[in-house]
Amino acid sequence: MACRIAAVVAPLTLVPLAGGASLAACGCLGVALFAMAAFLRWRDRVGVEATRDGLLLGAVPLVAALFLRGCDLECASLGAVGKAELACFVAGAVAGLGVTWRALHSSAPRARRWLLTLLVASMTAALGCAGLGIGGVLSAVIALSLVASVAWVPAVLRTR
């Protein structure tokens, strides 16, 4: 059952290739995402739910990156911030809010669910933004992690 996630991860790995991403980058990120997703799904029910939510939320930056590549936008040189980096940052921020929201509305142990969902969403976002360059990958993953963390702390304090 755990390996059936390949039916979802394989197409997700091929999508950035259509946008011009490197075969090596997509292959490495796709294999890592598959290994993590299969292990989490094999381990327990929380892993199944976290994998499902992480793939869905990580698809937000993936779709944004695909749209940007369709508009012929690429990342600026390293250290510069352009439209592509900003769009990846916003998409990552939206996904980060979703990670925290899903974890808070889960019946599973919230901290564990949050962390696992964050890991899967970050890997999916990195895979999607690989076609834009390292700036897009870093923007999406940093925004996703930062916004999820910032939203997590007050939400947990409020629920106690």
# chains A, B, ... in the order shown; residues from 1 in each chain; ligands from 1
call {"tool": "residues_around", "arguments": {"residues": "range 8-15 of chain A", "least_positions_apart": "5", "cutoff": "10 Å", "atoms": "only C-alpha atoms", "output": "ChimeraX atom specification"}}
result
/A:20-21,23,25-31,33-35,37-38,52,55,59,62-63,66,124,127-128,131
call {"tool": "write_last_selection", "arguments": {"atoms": "N, CA and C atoms", "output": "mmCIF file, in the first residue's frame"}}
result
data_model
loop_
_atom_site.group_PDB
_atom_site.id
_atom_site.type_symbol
_atom_site.label_atom_id
_atom_site.label_comp_id
_atom_site.auth_asym_id
_atom_site.auth_seq_id
_atom_site.Cartn_x
_atom_site.Cartn_y
_atom_site.Cartn_z
ATOM 1 N N GLY A 20 10.941 22.652 -18.207
ATOM 2 C CA GLY A 20 12.348 22.888 -18.505
ATOM 3 C C GLY A 20 13.311 22.624 -17.363
ATOM 4 N N ALA A 21 12.870 21.947 -16.342
ATOM 5 C CA ALA A 21 13.754 21.641 -15.215
ATOM 6 C C ALA A 21 14.779 20.590 -15.605
ATOM 7 N N LEU A 23 16.761 17.228 -15.626
ATOM 8 C CA LEU A 23 16.386 15.834 -15.394
ATOM 9 C C LEU A 23 17.023 15.307 -14.113
ATOM 10 N N ALA A 25 18.007 17.040 -11.405
ATOM 11 C CA ALA A 25 17.384 17.650 -10.220
ATOM 12 C C ALA A 25 16.018 17.040 -9.956
ATOM 13 N N CYS A 26 15.203 16.907 -10.999
ATOM 14 C CA CYS A 26 13.875 16.310 -10.828
ATOM 15 C C CYS A 26 13.966 14.853 -10.385
ATOM 16 N N GLY A 27 14.923 14.123 -10.949
ATOM 17 C CA GLY A 27 15.091 12.721 -10.571
ATOM 18 C C GLY A 27 15.482 12.570 -9.115
ATOM 19 N N CYS A 28 16.455 13.352 -8.672
ATOM 20 C CA CYS A 28 16.904 13.274 -7.270
ATOM 21 C C CYS A 28 15.794 13.674 -6.310
ATOM 22 N N LEU A 29 15.140 14.800 -6.591
ATOM 23 C CA LEU A 29 14.065 15.252 -5.709
ATOM 24 C C LEU A 29 12.875 14.299 -5.751
ATOM 25 N N GLY A 30 12.569 13.755 -6.924
ATOM 26 C CA GLY A 30 11.459 12.806 -7.046
ATOM 27 C C GLY A 30 11.709 11.516 -6.287
ATOM 28 N N VAL A 31 12.923 10.999 -6.363
ATOM 29 C CA VAL A 31 13.263 9.766 -5.628
ATOM 30 C C VAL A 31 13.223 10.031 -4.123
ATOM 31 N N LEU A 33 11.463 12.336 -2.563
ATOM 32 C CA LEU A 33 10.059 12.522 -2.188
ATOM 33 C C LEU A 33 9.338 11.177 -2.127
ATOM 34 N N PHE A 34 9.586 10.321 -3.107
ATOM 35 C CA PHE A 34 8.956 9.001 -3.089
ATOM 36 C C PHE A 34 9.389 8.195 -1.872
ATOM 37 N N ALA A 35 10.685 8.183 -1.573
ATOM 38 C CA ALA A 35 11.186 7.410 -0.427
ATOM 39 C C ALA A 35 10.559 7.903 0.871
ATOM 40 N N ALA A 37 7.721 9.663 1.238
ATOM 41 C CA ALA A 37 6.279 9.428 1.231
ATOM 42 C C ALA A 37 5.951 7.955 1.474
ATOM 43 N N ALA A 38 6.682 7.064 0.833
ATOM 44 C CA ALA A 38 6.426 5.635 1.024
ATOM 45 C C ALA A 38 6.706 5.220 2.466
ATOM 46 N N ARG A 52 -0.525 12.881 2.287
ATOM 47 C CA ARG A 52 -1.610 13.401 1.434
ATOM 48 C C ARG A 52 -1.660 14.929 1.483
ATOM 49 N N LEU A 55 1.571 16.642 -0.030
ATOM 50 C CA LEU A 55 1.589 16.643 -1.497
ATOM 51 C C LEU A 55 0.628 17.684 -2.053
ATOM 52 N N ALA A 59 1.891 21.242 -3.796
ATOM 53 C CA ALA A 59 1.528 21.451 -5.198
ATOM 54 C C ALA A 59 1.221 22.912 -5.499
ATOM 55 N N LEU A 62 4.370 24.288 -6.736
ATOM 56 C CA LEU A 62 4.652 23.550 -7.963
ATOM 57 C C LEU A 62 3.849 24.117 -9.131
ATOM 58 N N VAL A 63 2.572 24.360 -8.919
ATOM 59 C CA VAL A 63 1.719 24.917 -9.973
ATOM 60 C C VAL A 63 2.133 26.356 -10.281
ATOM 61 N N LEU A 66 5.190 26.230 -12.425
ATOM 62 C CA LEU A 66 4.848 25.814 -13.783
ATOM 63 C C LEU A 66 4.218 26.974 -14.561
ATOM 64 N N THR A 124 7.921 18.672 -2.010
ATOM 65 C CA THR A 124 7.088 18.840 -3.202
ATOM 66 C C THR A 124 7.285 20.229 -3.803
ATOM 67 N N LEU A 127 10.632 20.387 -5.550
ATOM 68 C CA LEU A 127 10.538 19.694 -6.834
ATOM 69 C C LEU A 127 9.891 20.590 -7.876
ATOM 70 N N GLY A 128 8.823 21.244 -7.504
ATOM 71 C CA GLY A 128 8.105 22.094 -8.448
ATOM 72 C C GLY A 128 8.893 23.304 -8.898
ATOM 73 N N GLY A 131 12.604 23.931 -11.780
ATOM 74 C CA GLY A 131 12.726 24.443 -13.135
ATOM 75 C C GLY A 131 13.038 25.922 -13.208
#
call {"tool": "residues_around", "arguments": {"residues": "Leu132 in chain A", "least_positions_apart": "3", "cutoff": "8 Å", "atoms": "only C-alpha atoms", "output": "PDB file with C-alpha atoms, in the first residue's frame"}}
result
ATOM      1  CA  ALA A  21      13.754  21.641 -15.215  1.00  0.00           C
ATOM      2  CA  ALA A  65       6.360  27.570 -10.795  1.00  0.00           C
ATOM      3  CA  ARG A  69       7.778  28.912 -16.641  1.00  0.00           C
ATOM      4  CA  LEU A  73      10.010  33.819 -16.276  1.00  0.00           C
ATOM      5  CA  GLU A  74      13.140  32.505 -14.614  1.00  0.00           C
ATOM      6  CA  CYS A  75      14.924  33.294 -11.397  1.00  0.00           C
ATOM      7  CA  ALA A  84       9.867  34.520 -10.035  1.00  0.00           C
ATOM      8  CA  CYS A 129      10.380  25.125  -8.319  1.00  0.00           C
ATOM      9  CA  GLY A 135      16.367  31.039  -6.214  1.00  0.00           C
ATOM     10  CA  GLY A 136      12.854  29.709  -6.739  1.00  0.00           C
ATOM     11  CA  VAL A 137      13.528  26.565  -4.730  1.00  0.00           C
TER      12      VAL A 137
END
call {"tool": "closest_residue", "arguments": {"among": "A:Gly54, A:Pro109, A:Gly96, A:Pro16", "to": "Val141 in chain A", "atoms": "only C-alpha atoms"}}
result
A:Gly96
call {"tool": "closest_residue", "arguments": {"among": "A:Leu86, A:Val150, A:Ile142, A:Met36", "to": "Ala125 in chain A", "atoms": "only C-alpha atoms"}}
result
A:Ile142
call {"tool": "select_by_dssp", "arguments": {"residues": "range 79-144 of chain A", "states": "alpha helix (DSSP H)", "output": "PyMOL selection string"}}
result
chain A and resi 83-104+110-129+134-144
call {"tool": "write_last_selection", "arguments": {"atoms": "N, CA and C atoms", "output": "compact mmCIF listing (two decimals), in the first residue's frame"}}
result
# COMPACT_ATOMS: atom_id res chain seq x y z
N LYS A 83 10.72 38.65 -10.06
CA LYS A 83 9.30 38.27 -10.02
C LYS A 83 9.13 36.79 -9.72
N ALA A 84 9.99 35.97 -10.25
CA ALA A 84 9.87 34.52 -10.04
C ALA A 84 10.09 34.17 -8.57
N GLU A 85 11.11 34.75 -7.96
CA GLU A 85 11.37 34.47 -6.54
C GLU A 85 10.22 34.96 -5.66
N LEU A 86 9.71 36.14 -5.99
CA LEU A 86 8.59 36.68 -5.21
C LEU A 86 7.35 35.80 -5.33
N ALA A 87 7.05 35.34 -6.54
CA ALA A 87 5.90 34.46 -6.74
C ALA A 87 6.08 33.13 -6.00
N CYS A 88 7.29 32.57 -6.04
CA CYS A 88 7.56 31.32 -5.31
C CYS A 88 7.44 31.55 -3.80
N PHE A 89 7.88 32.71 -3.33
CA PHE A 89 7.78 33.03 -1.91
C PHE A 89 6.31 33.10 -1.48
N VAL A 90 5.49 33.78 -2.27
CA VAL A 90 4.06 33.89 -1.94
C VAL A 90 3.38 32.52 -1.97
N ALA A 91 3.68 31.74 -2.99
CA ALA A 91 3.09 30.39 -3.08
C ALA A 91 3.54 29.52 -1.91
N GLY A 92 4.80 29.63 -1.53
CA GLY A 92 5.30 28.89 -0.37
C GLY A 92 4.64 29.34 0.92
N ALA A 93 4.39 30.64 1.04
CA ALA A 93 3.73 31.18 2.24
C ALA A 93 2.30 30.65 2.36
N VAL A 94 1.60 30.60 1.23
CA VAL A 94 0.24 30.05 1.23
C VAL A 94 0.27 28.58 1.66
N ALA A 95 1.20 27.83 1.13
CA ALA A 95 1.33 26.42 1.51
C ALA A 95 1.69 26.29 2.98
N GLY A 96 2.54 27.17 3.50
CA GLY A 96 2.92 27.13 4.91
C GLY A 96 1.73 27.36 5.83
N LEU A 97 0.87 28.30 5.47
CA LEU A 97 -0.35 28.51 6.26
C LEU A 97 -1.23 27.27 6.23
N GLY A 98 -1.32 26.64 5.07
CA GLY A 98 -2.11 25.42 4.94
C GLY A 98 -1.57 24.28 5.79
N VAL A 99 -0.25 24.18 5.88
CA VAL A 99 0.37 23.13 6.71
C VAL A 99 -0.07 23.29 8.16
N THR A 100 0.03 24.50 8.67
CA THR A 100 -0.35 24.74 10.07
C THR A 100 -1.84 24.53 10.27
N TRP A 101 -2.65 25.02 9.36
CA TRP A 101 -4.09 24.87 9.48
C TRP A 101 -4.51 23.41 9.50
N ARG A 102 -3.94 22.60 8.60
CA ARG A 102 -4.28 21.17 8.56
C ARG A 102 -3.83 20.44 9.83
N ALA A 103 -2.66 20.80 10.34
CA ALA A 103 -2.18 20.14 11.56
C ALA A 103 -3.05 20.49 12.76
N LEU A 104 -3.50 21.73 12.84
CA LEU A 104 -4.33 22.15 13.96
C LEU A 104 -5.72 21.54 13.92
N ARG A 110 -0.67 16.75 17.09
CA ARG A 110 -0.53 17.92 16.22
C ARG A 110 0.92 18.24 15.85
N ALA A 111 1.82 18.19 16.79
CA ALA A 111 3.21 18.56 16.49
C ALA A 111 3.82 17.60 15.48
N ARG A 112 3.57 16.34 15.65
CA ARG A 112 4.11 15.33 14.72
C ARG A 112 3.48 15.49 13.34
N ARG A 113 2.18 15.68 13.32
CA ARG A 113 1.47 15.87 12.06
C ARG A 113 1.97 17.12 11.33
N TRP A 114 2.21 18.20 12.08
CA TRP A 114 2.70 19.45 11.49
C TRP A 114 4.07 19.24 10.86
N LEU A 115 4.96 18.60 11.60
CA LEU A 115 6.33 18.39 11.10
C LEU A 115 6.36 17.50 9.86
N LEU A 116 5.62 16.41 9.88
CA LEU A 116 5.61 15.50 8.74
C LEU A 116 4.99 16.16 7.50
N THR A 117 3.91 16.88 7.70
CA THR A 117 3.28 17.58 6.58
C THR A 117 4.21 18.64 6.02
N LEU A 118 4.91 19.34 6.89
CA LEU A 118 5.86 20.36 6.48
C LEU A 118 6.99 19.76 5.65
N LEU A 119 7.49 18.61 6.06
CA LEU A 119 8.57 17.96 5.31
C LEU A 119 8.13 17.56 3.90
N VAL A 120 6.97 16.94 3.80
CA VAL A 120 6.49 16.49 2.49
C VAL A 120 6.15 17.70 1.61
N ALA A 121 5.53 18.72 2.17
CA ALA A 121 5.19 19.91 1.40
C ALA A 121 6.45 20.62 0.91
N SER A 122 7.48 20.68 1.75
CA SER A 122 8.73 21.33 1.35
C SER A 122 9.41 20.59 0.21
N MET A 123 9.42 19.27 0.28
CA MET A 123 10.02 18.47 -0.80
C MET A 123 9.24 18.64 -2.11
N THR A 124 7.92 18.67 -2.01
CA THR A 124 7.09 18.84 -3.20
C THR A 124 7.28 20.23 -3.80
N ALA A 125 7.35 21.25 -2.95
CA ALA A 125 7.59 22.62 -3.42
C ALA A 125 8.96 22.74 -4.08
N ALA A 126 9.97 22.12 -3.48
CA ALA A 126 11.32 22.16 -4.06
C ALA A 126 11.33 21.50 -5.43
N LEU A 127 10.63 20.39 -5.55
CA LEU A 127 10.54 19.69 -6.83
C LEU A 127 9.89 20.59 -7.88
N GLY A 128 8.82 21.24 -7.50
CA GLY A 128 8.11 22.09 -8.45
C GLY A 128 8.89 23.30 -8.90
N CYS A 129 9.65 23.90 -8.00
CA CYS A 129 10.38 25.13 -8.32
C CYS A 129 11.76 24.85 -8.91
N ILE A 134 17.70 27.78 -8.48
CA ILE A 134 17.90 27.65 -7.04
C ILE A 134 17.19 28.77 -6.27
N GLY A 135 17.06 29.94 -6.87
CA GLY A 135 16.37 31.04 -6.21
C GLY A 135 14.91 30.72 -5.95
N GLY A 136 14.25 30.09 -6.91
CA GLY A 136 12.85 29.71 -6.74
C GLY A 136 12.69 28.62 -5.70
N VAL A 137 13.59 27.65 -5.71
CA VAL A 137 13.53 26.56 -4.73
C VAL A 137 13.70 27.12 -3.33
N LEU A 138 14.73 27.94 -3.14
CA LEU A 138 14.99 28.51 -1.82
C LEU A 138 13.85 29.42 -1.36
N SER A 139 13.33 30.24 -2.27
CA SER A 139 12.22 31.14 -1.91
C SER A 139 11.01 30.36 -1.42
N ALA A 140 10.63 29.34 -2.16
CA ALA A 140 9.44 28.56 -1.80
C ALA A 140 9.63 27.79 -0.50
N VAL A 141 10.78 27.13 -0.35
CA VAL A 141 11.01 26.30 0.84
C VAL A 141 11.18 27.17 2.08
N ILE A 142 11.90 28.29 1.95
CA ILE A 142 12.08 29.18 3.11
C ILE A 142 10.75 29.78 3.52
N ALA A 143 9.96 30.25 2.55
CA ALA A 143 8.65 30.83 2.87
C ALA A 143 7.74 29.80 3.51
N LEU A 144 7.71 28.61 2.95
CA LEU A 144 6.86 27.56 3.49
C LEU A 144 7.22 27.26 4.94
call {"tool": "atom_distance", "arguments": {"atom1": "CA of Ala155 in chain A", "atom2": "CA of Phe39 in chain A"}}
result
28.4 Å
call {"tool": "closest_residue", "arguments": {"among": "A:Leu57, A:His105, A:Gly70, A:Ala130", "to": "Val156 in chain A", "atoms": "only C-alpha atoms"}}
result
A:His105
call {"tool": "atom_distance", "arguments": {"atom1": "CA of Val153 in chain A", "atom2": "CA of Arg45 in chain A"}}
result
24.6 Å
call {"tool": "decode", "arguments": {"residues": "range 122-155 of chain A", "atoms": "N, CA and C atoms", "output": "CSV table (one decimal), in the first residue's frame"}}
result
chain,number,residue,atom,x,y,z
A,122,SER,N,7.5,20.7,1.7
A,122,SER,CA,8.7,21.3,1.4
A,122,SER,C,9.4,20.6,0.2
A,123,MET,N,9.4,19.3,0.3
A,123,MET,CA,10.0,18.5,-0.8
A,123,MET,C,9.2,18.6,-2.1
A,124,THR,N,7.9,18.7,-2.0
A,124,THR,CA,7.1,18.8,-3.2
A,124,THR,C,7.3,20.2,-3.8
A,125,ALA,N,7.4,21.2,-2.9
A,125,ALA,CA,7.6,22.6,-3.4
A,125,ALA,C,9.0,22.7,-4.1
A,126,ALA,N,10.0,22.1,-3.5
A,126,ALA,CA,11.3,22.2,-4.1
A,126,ALA,C,11.3,21.5,-5.4
A,127,LEU,N,10.6,20.4,-5.5
A,127,LEU,CA,10.5,19.7,-6.8
A,127,LEU,C,9.9,20.6,-7.9
A,128,GLY,N,8.8,21.2,-7.5
A,128,GLY,CA,8.1,22.1,-8.4
A,128,GLY,C,8.9,23.3,-8.9
A,129,CYS,N,9.6,23.9,-8.0
A,129,CYS,CA,10.4,25.1,-8.3
A,129,CYS,C,11.8,24.8,-8.9
A,130,ALA,N,12.1,23.6,-9.1
A,130,ALA,CA,13.4,23.3,-9.6
A,130,ALA,C,13.7,23.8,-11.0
A,131,GLY,N,12.6,23.9,-11.8
A,131,GLY,CA,12.7,24.4,-13.1
A,131,GLY,C,13.0,25.9,-13.2
A,132,LEU,N,12.8,26.6,-12.1
A,132,LEU,CA,13.0,28.1,-12.1
A,132,LEU,C,14.5,28.4,-11.7
A,133,GLY,N,15.1,27.5,-11.0
A,133,GLY,CA,16.4,27.7,-10.5
A,133,GLY,C,16.5,27.7,-9.0
A,134,ILE,N,17.7,27.8,-8.5
A,134,ILE,CA,17.9,27.7,-7.0
A,134,ILE,C,17.2,28.8,-6.3
A,135,GLY,N,17.1,29.9,-6.9
A,135,GLY,CA,16.4,31.0,-6.2
A,135,GLY,C,14.9,30.7,-6.0
A,136,GLY,N,14.3,30.1,-6.9
A,136,GLY,CA,12.9,29.7,-6.7
A,136,GLY,C,12.7,28.6,-5.7
A,137,VAL,N,13.6,27.7,-5.7
A,137,VAL,CA,13.5,26.6,-4.7
A,137,VAL,C,13.7,27.1,-3.3
A,138,LEU,N,14.7,27.9,-3.1
A,138,LEU,CA,15.0,28.5,-1.8
A,138,LEU,C,13.9,29.4,-1.4
A,139,SER,N,13.3,30.2,-2.3
A,139,SER,CA,12.2,31.1,-1.9
A,139,SER,C,11.0,30.4,-1.4
A,140,ALA,N,10.6,29.3,-2.2
A,140,ALA,CA,9.4,28.6,-1.8
A,140,ALA,C,9.6,27.8,-0.5
A,141,VAL,N,10.8,27.1,-0.4
A,141,VAL,CA,11.0,26.3,0.8
A,141,VAL,C,11.2,27.2,2.1
A,142,ILE,N,11.9,28.3,2.0
A,142,ILE,CA,12.1,29.2,3.1
A,142,ILE,C,10.7,29.8,3.5
A,143,ALA,N,10.0,30.3,2.5
A,143,ALA,CA,8.7,30.8,2.9
A,143,ALA,C,7.7,29.8,3.5
A,144,LEU,N,7.7,28.6,2.9
A,144,LEU,CA,6.9,27.6,3.5
A,144,LEU,C,7.2,27.3,4.9
A,145,SER,N,8.5,27.1,5.2
A,145,SER,CA,8.9,26.7,6.6
A,145,SER,C,8.8,27.9,7.5
A,146,LEU,N,9.1,29.1,7.1
A,146,LEU,CA,9.0,30.3,7.9
A,146,LEU,C,7.6,30.6,8.3
A,147,VAL,N,6.7,30.6,7.3
A,147,VAL,CA,5.3,31.0,7.6
A,147,VAL,C,4.6,29.9,8.4
A,148,ALA,N,4.9,28.6,8.1
A,148,ALA,CA,4.3,27.5,8.9
A,148,ALA,C,4.8,27.6,10.4
A,149,SER,N,6.1,28.0,10.6
A,149,SER,CA,6.6,28.1,12.0
A,149,SER,C,6.0,29.3,12.7
A,150,VAL,N,5.9,30.4,12.0
A,150,VAL,CA,5.4,31.6,12.6
A,150,VAL,C,3.9,31.4,13.0
A,151,ALA,N,3.2,30.7,12.1
A,151,ALA,CA,1.8,30.5,12.4
A,151,ALA,C,1.6,29.4,13.4
A,152,TRP,N,2.5,28.5,13.6
A,152,TRP,CA,2.4,27.4,14.5
A,152,TRP,C,2.5,27.9,16.0
A,153,VAL,N,3.4,28.7,16.3
A,153,VAL,CA,3.7,29.1,17.7
A,153,VAL,C,2.4,29.7,18.3
A,154,PRO,N,1.9,30.8,17.8
A,154,PRO,CA,0.7,31.4,18.4
A,154,PRO,C,-0.5,30.5,18.4
A,155,ALA,N,-0.7,29.7,17.4
A,155,ALA,CA,-1.8,28.7,17.3
A,155,ALA,C,-1.7,27.7,18.4
